[in-house]
Structure formats: structure tokens, C-alpha cells
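Source file: my_file_18.cif; contents: mmCIF, C-alpha atoms, pLDDT in the B column; chains and numbers go by the auth columns.
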```
data_run
#
loop_
_atom_site.group_PDB
_atom_site.id
_atom_site.type_symbol
_atom_site.label_atom_id
_atom_site.label_comp_id
_atom_site.label_asym_id
_atom_site.label_seq_id
_atom_site.Cartn_x
_atom_site.Cartn_y
_atom_site.Cartn_z
_atom_site.B_iso_or_equiv
_atom_site.auth_seq_id
_atom_site.auth_asym_id
ATOM 1 C CA MET A 1 6.325 51.050 -11.648 58.00 1 A
ATOM 2 C CA LEU A 2 5.358 49.528 -8.281 52.00 2 A
ATOM 3 C CA ARG A 3 2.319 47.874 -9.834 58.00 3 A
ATOM 4 C CA ARG A 4 4.455 46.355 -12.590 56.00 4 A
ATOM 5 C CA ALA A 5 6.901 44.979 -9.994 50.00 5 A
ATOM 6 C CA LYS A 6 4.050 43.363 -8.058 51.00 6 A
ATOM 7 C CA LEU A 7 2.697 41.812 -11.248 52.00 7 A
ATOM 8 C CA LEU A 8 6.109 40.434 -12.182 49.00 8 A
ATOM 9 C CA ALA A 9 6.586 39.058 -8.658 52.00 9 A
ATOM 10 C CA ALA A 10 3.179 37.333 -8.813 52.00 10 A
ATOM 11 C CA LEU A 11 3.980 35.840 -12.237 53.00 11 A
ATOM 12 C CA PHE A 12 7.366 34.643 -10.991 51.00 12 A
ATOM 13 C CA LEU A 13 5.749 33.062 -7.931 50.00 13 A
ATOM 14 C CA CYS A 14 3.143 31.246 -10.035 48.00 14 A
ATOM 15 C CA ALA A 15 5.772 30.062 -12.507 48.00 15 A
ATOM 16 C CA SER A 16 8.015 28.743 -9.733 45.00 16 A
ATOM 17 C CA VAL A 17 5.101 26.896 -8.091 42.00 17 A
ATOM 18 C CA LEU A 18 4.207 25.272 -11.409 42.00 18 A
ATOM 19 C CA ALA A 19 7.845 24.380 -12.044 41.00 19 A
ATOM 20 C CA PHE A 20 8.140 22.620 -8.703 41.00 20 A
ATOM 21 C CA ALA A 21 4.723 20.949 -8.896 42.00 21 A
ATOM 22 C CA ARG A 22 5.129 17.219 -9.012 46.00 22 A
ATOM 23 C CA SER A 23 4.237 15.712 -12.330 46.00 23 A
ATOM 24 C CA PRO A 24 2.312 12.450 -12.171 52.00 24 A
ATOM 25 C CA LYS A 25 4.412 9.324 -12.375 60.00 25 A
ATOM 26 C CA SER A 26 4.341 7.619 -15.714 87.00 26 A
ATOM 27 C CA CYS A 27 3.453 3.960 -15.837 92.00 27 A
ATOM 28 C CA VAL A 28 6.072 1.278 -16.430 95.00 28 A
ATOM 29 C CA THR A 29 5.752 -1.919 -18.418 94.00 29 A
ATOM 30 C CA ALA A 30 5.214 -5.292 -16.767 92.00 30 A
ATOM 31 C CA GLU A 31 8.821 -6.265 -17.562 91.00 31 A
ATOM 32 C CA GLN A 32 10.134 -3.140 -15.825 93.00 32 A
ATOM 33 C CA ALA A 33 7.770 -3.614 -12.867 93.00 33 A
ATOM 34 C CA ALA A 34 9.102 -7.152 -12.316 92.00 34 A
ATOM 35 C CA LYS A 35 12.415 -5.542 -11.304 92.00 35 A
ATOM 36 C CA MET A 36 10.835 -3.017 -8.912 93.00 36 A
ATOM 37 C CA LEU A 37 10.005 -5.223 -5.915 94.00 37 A
ATOM 38 C CA ASN A 38 8.324 -3.597 -2.892 93.00 38 A
ATOM 39 C CA LYS A 39 7.708 -0.323 -4.734 93.00 39 A
ATOM 40 C CA ASP A 40 4.409 1.434 -5.357 94.00 40 A
ATOM 41 C CA VAL A 41 4.221 1.768 -9.141 95.00 41 A
ATOM 42 C CA CYS A 42 1.778 2.197 -11.973 96.00 42 A
ATOM 43 C CA VAL A 43 1.945 -0.694 -14.436 95.00 43 A
ATOM 44 C CA SER A 44 0.749 -0.333 -17.999 95.00 44 A
ATOM 45 C CA ALA A 45 -0.060 -3.715 -19.530 94.00 45 A
ATOM 46 C CA TYR A 46 -2.172 -5.432 -22.141 95.00 46 A
ATOM 47 C CA ILE A 47 -4.518 -8.018 -20.615 96.00 47 A
ATOM 48 C CA TYR A 48 -4.515 -11.129 -22.781 95.00 48 A
ATOM 49 C CA ASP A 49 -6.757 -13.225 -20.568 94.00 49 A
ATOM 50 C CA VAL A 50 -8.528 -13.332 -17.205 95.00 50 A
ATOM 51 C CA VAL A 51 -8.080 -16.681 -15.465 93.00 51 A
ATOM 52 C CA GLN A 52 -10.181 -17.724 -12.474 94.00 52 A
ATOM 53 C CA LEU A 53 -9.211 -20.601 -10.184 94.00 53 A
ATOM 54 C CA ALA A 54 -11.656 -22.861 -8.369 94.00 54 A
ATOM 55 C CA ASP A 55 -11.158 -20.913 -5.098 94.00 55 A
ATOM 56 C CA GLY A 56 -12.184 -17.638 -6.811 93.00 56 A
ATOM 57 C CA THR A 57 -8.695 -16.165 -7.180 95.00 57 A
ATOM 58 C CA ARG A 58 -8.427 -14.301 -10.468 96.00 58 A
ATOM 59 C CA PHE A 59 -5.307 -13.554 -12.520 94.00 59 A
ATOM 60 C CA LEU A 60 -4.915 -10.902 -15.188 95.00 60 A
ATOM 61 C CA ASP A 61 -2.588 -12.526 -17.736 93.00 61 A
ATOM 62 C CA VAL A 62 -0.197 -9.858 -19.025 94.00 62 A
ATOM 63 C CA CYS A 63 1.994 -12.251 -21.056 92.00 63 A
ATOM 64 C CA SER A 64 1.230 -13.089 -24.643 91.00 64 A
ATOM 65 C CA PRO A 65 0.037 -16.625 -25.478 91.00 65 A
ATOM 66 C CA GLN A 66 3.358 -17.241 -27.263 93.00 66 A
ATOM 67 C CA THR A 67 5.286 -16.605 -24.019 90.00 67 A
ATOM 68 C CA PRO A 68 5.891 -19.813 -22.019 89.00 68 A
ATOM 69 C CA ASP A 69 4.546 -19.664 -18.461 84.00 69 A
ATOM 70 C CA ALA A 70 8.071 -20.087 -17.057 84.00 70 A
ATOM 71 C CA ASP A 71 9.203 -16.921 -18.885 88.00 71 A
ATOM 72 C CA CYS A 72 6.312 -14.761 -17.695 90.00 72 A
ATOM 73 C CA ARG A 73 7.843 -12.730 -14.861 90.00 73 A
ATOM 74 C CA PHE A 74 4.849 -10.590 -13.797 94.00 74 A
ATOM 75 C CA THR A 75 1.221 -11.190 -12.872 93.00 75 A
ATOM 76 C CA ILE A 76 -1.731 -9.279 -11.421 95.00 76 A
ATOM 77 C CA VAL A 77 -3.757 -11.202 -8.809 95.00 77 A
ATOM 78 C CA SER A 78 -7.183 -10.487 -7.358 95.00 78 A
ATOM 79 C CA LEU A 79 -8.178 -12.584 -4.351 94.00 79 A
ATOM 80 C CA TRP A 80 -11.725 -13.861 -3.803 93.00 80 A
ATOM 81 C CA GLU A 81 -12.137 -11.796 -0.622 92.00 81 A
ATOM 82 C CA ASP A 82 -11.718 -8.644 -2.755 92.00 82 A
ATOM 83 C CA HIS A 83 -14.271 -9.707 -5.379 92.00 83 A
ATOM 84 C CA ASP A 84 -16.854 -7.115 -4.298 93.00 84 A
ATOM 85 C CA THR A 85 -14.450 -4.159 -4.269 93.00 85 A
ATOM 86 C CA VAL A 86 -12.674 -5.104 -7.508 94.00 86 A
ATOM 87 C CA GLY A 87 -15.741 -5.983 -9.556 93.00 87 A
ATOM 88 C CA GLU A 88 -15.908 -7.773 -12.879 94.00 88 A
ATOM 89 C CA LEU A 89 -12.500 -8.265 -14.522 95.00 89 A
ATOM 90 C CA ASN A 90 -13.553 -9.908 -17.793 94.00 90 A
ATOM 91 C CA LYS A 91 -14.286 -6.466 -19.243 94.00 91 A
ATOM 92 C CA TYR A 92 -10.523 -5.762 -19.224 94.00 92 A
ATOM 93 C CA ARG A 93 -9.723 -8.753 -21.464 95.00 93 A
ATOM 94 C CA ASP A 94 -8.000 -7.679 -24.717 95.00 94 A
ATOM 95 C CA GLN A 95 -7.471 -4.138 -23.427 95.00 95 A
ATOM 96 C CA ASN A 96 -4.593 -1.956 -22.280 95.00 96 A
ATOM 97 C CA VAL A 97 -4.904 -1.082 -18.594 95.00 97 A
ATOM 98 C CA GLU A 98 -2.977 0.942 -16.054 95.00 98 A
ATOM 99 C CA VAL A 99 -2.965 -0.499 -12.533 95.00 99 A
ATOM 100 C CA ARG A 100 -1.360 1.060 -9.469 95.00 100 A
ATOM 101 C CA GLY A 101 -0.107 -1.055 -6.598 94.00 101 A
ATOM 102 C CA ILE A 102 2.863 -2.459 -4.732 94.00 102 A
ATOM 103 C CA VAL A 103 4.972 -4.979 -6.637 95.00 103 A
ATOM 104 C CA GLN A 104 5.597 -8.044 -4.463 94.00 104 A
ATOM 105 C CA PRO A 105 7.467 -11.310 -4.932 94.00 105 A
ATOM 106 C CA MET A 106 4.978 -14.118 -5.670 91.00 106 A
ATOM 107 C CA HIS A 107 6.103 -17.723 -6.086 86.00 107 A
ATOM 108 C CA GLY A 108 9.205 -17.028 -8.150 87.00 108 A
ATOM 109 C CA ARG A 109 7.851 -14.050 -10.076 91.00 109 A
ATOM 110 C CA ALA A 110 6.790 -10.498 -9.352 94.00 110 A
ATOM 111 C CA GLY A 111 3.162 -9.578 -8.986 94.00 111 A
ATOM 112 C CA MET A 112 0.669 -7.023 -7.863 95.00 112 A
ATOM 113 C CA VAL A 113 -2.425 -7.612 -5.762 94.00 113 A
ATOM 114 C CA LEU A 114 -5.521 -5.959 -7.188 95.00 114 A
ATOM 115 C CA SER A 115 -7.739 -5.319 -4.171 94.00 115 A
ATOM 116 C CA HIS A 116 -9.886 -2.353 -5.256 93.00 116 A
ATOM 117 C CA ALA A 117 -11.250 -1.040 -8.567 93.00 117 A
ATOM 118 C CA ARG A 118 -9.773 2.414 -7.854 93.00 118 A
ATOM 119 C CA GLN A 119 -6.346 0.953 -8.643 93.00 119 A
ATOM 120 C CA PHE A 120 -7.322 1.140 -12.321 93.00 120 A
ATOM 121 C CA TYR A 121 -7.630 4.925 -11.911 89.00 121 A
ATOM 122 C CA GLY A 122 -4.405 5.571 -10.005 89.00 122 A
ATOM 123 C CA GLY A 123 -5.891 5.045 -6.544 86.00 123 A
ATOM 124 C CA PRO A 124 -4.330 3.082 -3.707 84.00 124 A
ATOM 125 C CA PRO A 125 -5.033 -0.567 -2.878 86.00 125 A
ATOM 126 C CA LYS A 126 -7.563 -1.457 -0.187 83.00 126 A
ATOM 127 C CA PHE A 127 -6.172 -1.042 3.336 80.00 127 A
ATOM 128 C CA LYS A 128 -5.703 -4.339 5.117 77.00 128 A
ATOM 129 C CA PRO A 129 -4.592 -4.202 8.762 74.00 129 A
ATOM 130 C CA ASN A 130 -1.656 -6.281 9.902 74.00 130 A
ATOM 131 C CA PRO A 131 -3.181 -9.373 11.554 72.00 131 A
ATOM 132 C CA LEU A 132 -0.227 -9.695 13.938 71.00 132 A
ATOM 133 C CA LEU A 133 -0.971 -6.265 15.390 69.00 133 A
ATOM 134 C CA ALA A 134 -4.727 -6.738 15.553 64.00 134 A
ATOM 135 C CA ARG A 135 -4.569 -10.155 17.260 63.00 135 A
ATOM 136 C CA GLY A 136 -6.035 -10.091 20.740 62.00 136 A
ATOM 137 C CA PHE A 137 -7.559 -6.651 20.305 60.00 137 A
ATOM 138 C CA ASN A 138 -10.861 -6.099 22.032 63.00 138 A
ATOM 139 C CA ALA A 139 -12.324 -2.634 22.479 62.00 139 A
ATOM 140 C CA GLU A 140 -13.934 -3.706 25.764 65.00 140 A
ATOM 141 C CA GLU A 141 -10.581 -4.430 27.399 64.00 141 A
ATOM 142 C CA SER A 142 -8.424 -1.785 28.982 63.00 142 A
ATOM 143 C CA ARG A 143 -5.186 -3.493 28.010 61.00 143 A
ATOM 144 C CA SER A 144 -3.291 -2.724 24.836 59.00 144 A
ATOM 145 C CA PRO A 145 -3.468 -5.240 21.951 59.00 145 A
ATOM 146 C CA ILE A 146 0.320 -5.215 21.725 60.00 146 A
ATOM 147 C CA HIS A 147 3.015 -5.237 24.371 64.00 147 A
ATOM 148 C CA ASP A 148 4.461 -1.746 24.123 66.00 148 A
ATOM 149 C CA LEU A 149 6.770 -0.608 26.890 65.00 149 A
ATOM 150 C CA ASN A 150 5.776 2.994 26.271 65.00 150 A
ATOM 151 C CA LEU A 151 2.152 2.212 27.134 62.00 151 A
ATOM 152 C CA ARG A 152 2.736 0.490 30.471 62.00 152 A
ATOM 153 C CA ALA A 153 2.255 2.221 33.789 62.00 153 A
ATOM 154 C CA GLN A 154 5.387 3.992 34.877 60.00 154 A
ATOM 155 C CA GLY A 155 6.738 3.873 38.371 57.00 155 A
ATOM 156 C CA GLY A 156 6.017 0.308 39.357 55.00 156 A
ATOM 157 C CA ARG A 157 7.439 -0.140 42.829 54.00 157 A
ATOM 158 C CA ARG A 158 8.790 2.984 44.489 53.00 158 A
ATOM 159 C CA ALA A 159 12.078 2.044 46.084 55.00 159 A
ATOM 160 C CA PHE A 160 12.527 5.304 47.995 55.00 160 A
ATOM 161 C CA MET A 161 9.348 4.676 49.997 56.00 161 A
ATOM 162 C CA ASN A 162 9.756 0.978 50.480 57.00 162 A
ATOM 163 C CA SER A 163 8.084 -0.216 53.673 60.00 163 A
ATOM 164 C CA ARG A 164 11.191 -2.107 54.745 61.00 164 A
ATOM 165 C CA ASN A 165 13.299 1.039 54.898 60.00 165 A
ATOM 166 C CA GLN A 166 10.961 3.377 56.776 62.00 166 A
ATOM 167 C CA GLU A 167 12.244 5.393 59.696 65.00 167 A
ATOM 168 C CA THR A 168 10.306 5.397 62.907 69.00 168 A
ATOM 169 C CA LEU A 169 8.806 8.704 63.825 68.00 169 A
ATOM 170 C CA PRO A 170 9.563 10.172 67.274 73.00 170 A
ATOM 171 C CA LYS A 171 6.674 10.157 69.722 68.00 171 A
#
```

What does this structure look like when you write it as C-alpha cells?
Amino acid sequence: MLRRAKLLAALFLCASVLAFARSPKSCVTAEQAAKMLNKDVCVSAYIYDVVQLADGTRFLDVCSPQTPDADCRFTIVSLWEDHDTVGELNKYRDQNVEVRGIVQPMHGRAGMVLSHARQFYGGPPKFKPNPLLARGFNAEESRSPIHDLNLRAQGGRRAFMNSRNQETLPK
């Protein structure tokens, strides 16, 4: 009887863990993603064309050729600086893809920056540090790269031992 109770408790525990396990997020369409600004989402889209500009910026065109450019509300952009980590994009032409990333406003439409090939497999974008925080940082210096009041020396001038207010000691 005790063994049966332990077995049932173990089964119940496993079932409850599986019930509460987070299921993977399903991908949304490009039209739905255009309404989800500043959210990390998976976008499922058909790539009609891969367009490369003269500066090396590449766009994955997710709108059909019949859709006017003004009506296309979503795009996927890969910058030239990420060319090595993203790889060749022409192989995705005329295919359905799933890309994970943060939807951002881009020149009147929504878009996603493709900065690493792992985004095609549900991975996160490439980490890029905030240039405003990194400005002036030098590992050789002892000062902080940002002005943070919590990092400054505490105490400053000690008013209770100010030299102007010292008592004379008896001789």
C-alpha cells in the first residue's frame, strides 16, 4: 500500500511538472508582428526576395510582388556589419522561414534586425552593447565609464573633524 502511494505521488509530481512546463511560443505572421512593437517574437514568413543595397544592407522581402511597397508593413533587415554572423541569405529566397527577434519601428513600418544566423533556429540576436554606456571606457583607468553616484567615494569632507572647529588641547 505504501509503495503504491509513493508511485502515485511520483506520477502526480511528474504530471504536474509537465503540465506547468512552458510550451514554446508559436510564431506569428508578419502582419501580426507589425502590431507587436518592442516585443521579442518569432515571425513566420515567406521570403519572396532578398534585396541588397549598395552599402551592403540586406532586406528579406516578406511582401508579395503584388503588394505595393507603401502597403508592406513589415521587413527583416540585416546590416553589413553582421554579414559574417548572418551568412548567405539568398538561400532563403522562395522559402518559409521562422525568425526570432525584437520588432522595432523602422521608417514608418515595423521591422526586425537579423544579426545572427541562430535567429533562424529560435536563438537570440547578437548582443550589441549600448554605445552611450561604453563611451569613455578604458580598462586602464580607475574611474568608472559612467557617472554613477553609487560608485563614488563616500564621506567626502568630514564636517565633524573640520580643522576650523578643533578644540585646543590642554598642556

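Nearest residue to Lys126 (chain A) among A:Val97, A:Leu79, A:Cys63, A:Cys72 is A:Leu79, counting all atoms listed in the file.
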
Task: Near-Val43 (chain A) list (8 Å; all atoms listed in the file; drop same-chain fewer than 4 positions) as a list in words - done: Cys27, Val28, Thr29, Ala30, Ala33, Glu98, Val99 and Arg100 of chain A

TODO: Can you give me, as an NGL selection string, the residues this file yields under the PyMOL selection byres ((chain A and resi 128) around 12)?
DONE: :A and (81-82 or 113 or 115-116 or 124-127 or 129-134)

- [ ] Run the PyMOL selection byres ((chain A and resi 74) around 12) mentally over the shown coordinates, then write out the matched residues as an MDAnalysis selection string, using the chain letters and numbers from the document.
- [x] chainID A and resid 29:37 43:45 47 59:64 67 69:73 75:77 103:113

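Going from CA of Tyr121 (chain A) to CA of Asp55 (chain A) covers 27.0 Å.
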
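When all atoms listed in the file are used to measure the gap to Phe120 (chain A), the shortest distance among A:Gln52, A:Asn38, A:Asn90, A:Asn96 belongs to A:Asn96.
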
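For the pair CA of His83 (chain A) and CA of Gln95 (chain A), the separation is 20.1 Å.
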
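Across the model, the gap from CA of Pro65 (chain A) to CA of Gly87 (chain A) is 24.8 Å.
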
Open item on the list: Nearest residue to Cys42 (chain A) out of A:Asp94, A:Thr85, A:Gln119, A:Ala54, using only C-alpha atoms?
Closed with: A:Gln119

Padding 6 Å on every side, please: axis-aligned box over the listed atoms of region 102-111 of chain A, centre and edge lengths to one decimal in Å, as lines of an AutoDock Vina configuration file.
```
center_x = 6.0
center_y = -10.1
center_z = -7.3
size_x = 18.3
size_y = 27.3
size_z = 17.6
```

Open item on the list: Calculated over only C-alpha atoms, which of the candidates A:Leu53, A:Arg58, A:Val41, A:Gly123 has the smallest distance to Ser78 (chain A)?
Closed with: A:Arg58

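Using all atoms listed in the file, the shortest contact distance between Tyr48 (chain A) and any of A:Val86, A:Lys91, A:Ala117, A:Trp80 is found at A:Lys91.
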